[in-house]
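Structure record follows, encoded as structure tokens.
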Amino acid sequence: MKKICISVLFAISTQVAVAQKSFILSRIDHRGFINLSGGVSMPIQSLMKADPTATSDVTALRGSSMQVSAGYRLGRFLGVMGSVTNCLNESGTGQMLQNIQKSHLGASWTANGGTWNCTHAMAGPYASFSAGLWMFDVRVSGGYSWIQRPSTELKGQYFEVPIYIRTSQLRAGGITAGVGTSIRCKITRNLAFAIHGDYVTTRASFNNVNSTLTIGKETVNETLREVHPIGLLNLNGGLSLLF
């Protein structure tokens with residue numbers, strides 16, 4: 001009977017301690033944060049207009065993203081924040097293969113490409129709301145993106161003569177806009193688990209894409225122009241330092 005009473009008292013004291021900790025954490029008013037998070041980057045429809053005179057068959061596939069962000073609440077609900085996000089997305093070459101096969105230029109085509117490397121530096125206002133241990137943010141932002149177009153390769157044969165088409169890797173930049181939201185759960189006085197969702201859209205113009213066509217021993221070089229409207233949905237999770 002004594003052991004049962006001790007166990008019951010221990011369970012009650014533990015619950016009381018947890019409740020007290022939750023109450024204390026929920027009463028602390030944090031005005032600033034620093035986030036470090038990582039997750040997935042998913043290409044989706046961009047709000048930017050395409051250029052029908054400078055299209056491209058190079059697409060992007062699902063990849064990874066890393067984000068560092070910081071913000072400070074100036075009033076009861078509103079604040080300002082900034083973020084830097086890097087996204088790495090493998091290139092999709094399926095459309096390139098389809099188009100070259102439709103042209104009936106050779107056969108036995110294979111294709112491969114590098115990685116899209118996108119870095120977004122953004123800033124803007126945000127609104128923050130709290131409910132106990134939970135914190136909810138919504139934000140709009142604008143800024144600038146640096147986009148690295150991947151190199152691509154196409155290989156085939158024309159009457160047993162090897163054909164090789166290569167386009168160059170190139171960097172460009174563009175104005176960027178985005179919206180996002182975050183949910184945080186406090187775990188200590190100055191630390192919280194956090195998940196973030198951000199939609200980012202931009203448009204990159206590559207004006208000097210070098211294309212090299214090699215048929216047998218003959219080589220022809222051409223300069224192309226491509227315009228890529230880019231839309232990305234980034235879902236990240238990590239930790240937030242609260243202050």
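Naming scheme: A, B, ... for chains in displayed order of the structure tokens; residues 1 onward per chain; ligands 1 onward as shown.
Within the 8 Å cut-off around A:Gln67, using only C-alpha atoms and omitting residues fewer than 4 positions from it on the same chain, the listed residues are Asn35, Leu36, Ser37, Gly38, Ser83, Val84, Thr85, Asn86 and Asn236 of chain A.
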**OP:** Please identify all polymer residues within 8 Å of A:Val179, counting only C-alpha atoms, omitting same-chain residues fewer than 4 positions from it, and present them as a count of residues only.
**Re:** 7
Original post:
Near A:Arg149, counting only C-alpha atoms, which residues have an atom at most 6 Å away, once you skip same-chain residues fewer than 5 positions from it, shown as a VMD selection string?
Top reply: chain A and resid 116 169 to 170
Original post:
So which residues touch A:Trp146 within 10 Å, counting only C-alpha atoms, skipping near sequence neighbours fewer than 4 positions away, as a ChimeraX atom specification?
Top reply: /A:86,117-121,171-176,202,204
Restrict the selected residues to N, CA, C and O atoms and save them as a PDB file, in the first residue's frame.
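Final file, part.pdb:
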```pdb
ATOM      1  N   ASN A  86      18.448  28.355 -49.432  1.00  0.00           N
ATOM      2  CA  ASN A  86      19.145  27.724 -50.552  1.00  0.00           C
ATOM      3  C   ASN A  86      18.417  26.440 -50.931  1.00  0.00           C
ATOM      4  O   ASN A  86      18.115  25.615 -50.069  1.00  0.00           O
ATOM      5  N   ASN A 117      20.578  25.306 -58.648  1.00  0.00           N
ATOM      6  CA  ASN A 117      21.029  25.838 -57.357  1.00  0.00           C
ATOM      7  C   ASN A 117      20.455  27.242 -57.202  1.00  0.00           C
ATOM      8  O   ASN A 117      20.868  28.170 -57.902  1.00  0.00           O
ATOM      9  N   CYS A 118      19.492  27.396 -56.293  1.00  0.00           N
ATOM     10  CA  CYS A 118      18.788  28.670 -56.130  1.00  0.00           C
ATOM     11  C   CYS A 118      18.993  29.203 -54.718  1.00  0.00           C
ATOM     12  O   CYS A 118      18.760  28.481 -53.743  1.00  0.00           O
ATOM     13  N   THR A 119      19.402  30.448 -54.617  1.00  0.00           N
ATOM     14  CA  THR A 119      19.549  31.113 -53.324  1.00  0.00           C
ATOM     15  C   THR A 119      18.653  32.336 -53.297  1.00  0.00           C
ATOM     16  O   THR A 119      18.741  33.191 -54.181  1.00  0.00           O
ATOM     17  N   HIS A 120      17.791  32.425 -52.278  1.00  0.00           N
ATOM     18  CA  HIS A 120      16.818  33.516 -52.165  1.00  0.00           C
ATOM     19  C   HIS A 120      17.105  34.320 -50.897  1.00  0.00           C
ATOM     20  O   HIS A 120      17.123  33.766 -49.796  1.00  0.00           O
ATOM     21  N   ALA A 121      17.343  35.621 -51.035  1.00  0.00           N
ATOM     22  CA  ALA A 121      17.500  36.535 -49.905  1.00  0.00           C
ATOM     23  C   ALA A 121      16.271  37.437 -49.868  1.00  0.00           C
ATOM     24  O   ALA A 121      16.017  38.192 -50.809  1.00  0.00           O
ATOM     25  N   ARG A 171      24.703  31.351 -64.552  1.00  0.00           N
ATOM     26  CA  ARG A 171      24.052  31.997 -63.407  1.00  0.00           C
ATOM     27  C   ARG A 171      23.298  33.248 -63.857  1.00  0.00           C
ATOM     28  O   ARG A 171      23.712  33.943 -64.776  1.00  0.00           O
ATOM     29  N   ALA A 172      22.186  33.509 -63.165  1.00  0.00           N
ATOM     30  CA  ALA A 172      21.406  34.718 -63.416  1.00  0.00           C
ATOM     31  C   ALA A 172      20.670  35.078 -62.137  1.00  0.00           C
ATOM     32  O   ALA A 172      20.617  34.292 -61.185  1.00  0.00           O
ATOM     33  N   GLY A 173      20.085  36.265 -62.107  1.00  0.00           N
ATOM     34  CA  GLY A 173      19.350  36.712 -60.923  1.00  0.00           C
ATOM     35  C   GLY A 173      18.019  37.313 -61.300  1.00  0.00           C
ATOM     36  O   GLY A 173      17.748  37.600 -62.475  1.00  0.00           O
ATOM     37  N   GLY A 174      17.165  37.501 -60.299  1.00  0.00           N
ATOM     38  CA  GLY A 174      15.871  38.081 -60.557  1.00  0.00           C
ATOM     39  C   GLY A 174      15.170  38.495 -59.276  1.00  0.00           C
ATOM     40  O   GLY A 174      15.479  38.013 -58.186  1.00  0.00           O
ATOM     41  N   ILE A 175      14.222  39.434 -59.413  1.00  0.00           N
ATOM     42  CA  ILE A 175      13.410  39.878 -58.288  1.00  0.00           C
ATOM     43  C   ILE A 175      12.506  38.730 -57.834  1.00  0.00           C
ATOM     44  O   ILE A 175      11.973  37.978 -58.647  1.00  0.00           O
ATOM     45  N   THR A 176      12.313  38.613 -56.536  1.00  0.00           N
ATOM     46  CA  THR A 176      11.608  37.476 -55.955  1.00  0.00           C
ATOM     47  C   THR A 176      10.512  37.953 -55.014  1.00  0.00           C
ATOM     48  O   THR A 176      10.673  38.964 -54.317  1.00  0.00           O
ATOM     49  N   THR A 202      10.041  33.536 -58.780  1.00  0.00           N
ATOM     50  CA  THR A 202      10.966  34.454 -59.416  1.00  0.00           C
ATOM     51  C   THR A 202      11.067  34.105 -60.894  1.00  0.00           C
ATOM     52  O   THR A 202      10.439  33.142 -61.365  1.00  0.00           O
ATOM     53  N   ALA A 204      14.185  33.939 -63.963  1.00  0.00           N
ATOM     54  CA  ALA A 204      15.600  34.099 -64.310  1.00  0.00           C
ATOM     55  C   ALA A 204      15.759  34.101 -65.829  1.00  0.00           C
ATOM     56  O   ALA A 204      15.229  33.215 -66.508  1.00  0.00           O
TER      57      ALA A 204
END
```
**OP:** Would you list the contacts of A:Ser211 as JSON, numbers by chain, taking every protein, DNA or RNA residue within 8 Å and counting only C-alpha atoms, but skipping same-chain residues closer than 4 positions in sequence?
**Re:** {"A": [165, 166, 167, 168, 221, 222, 223, 224]}
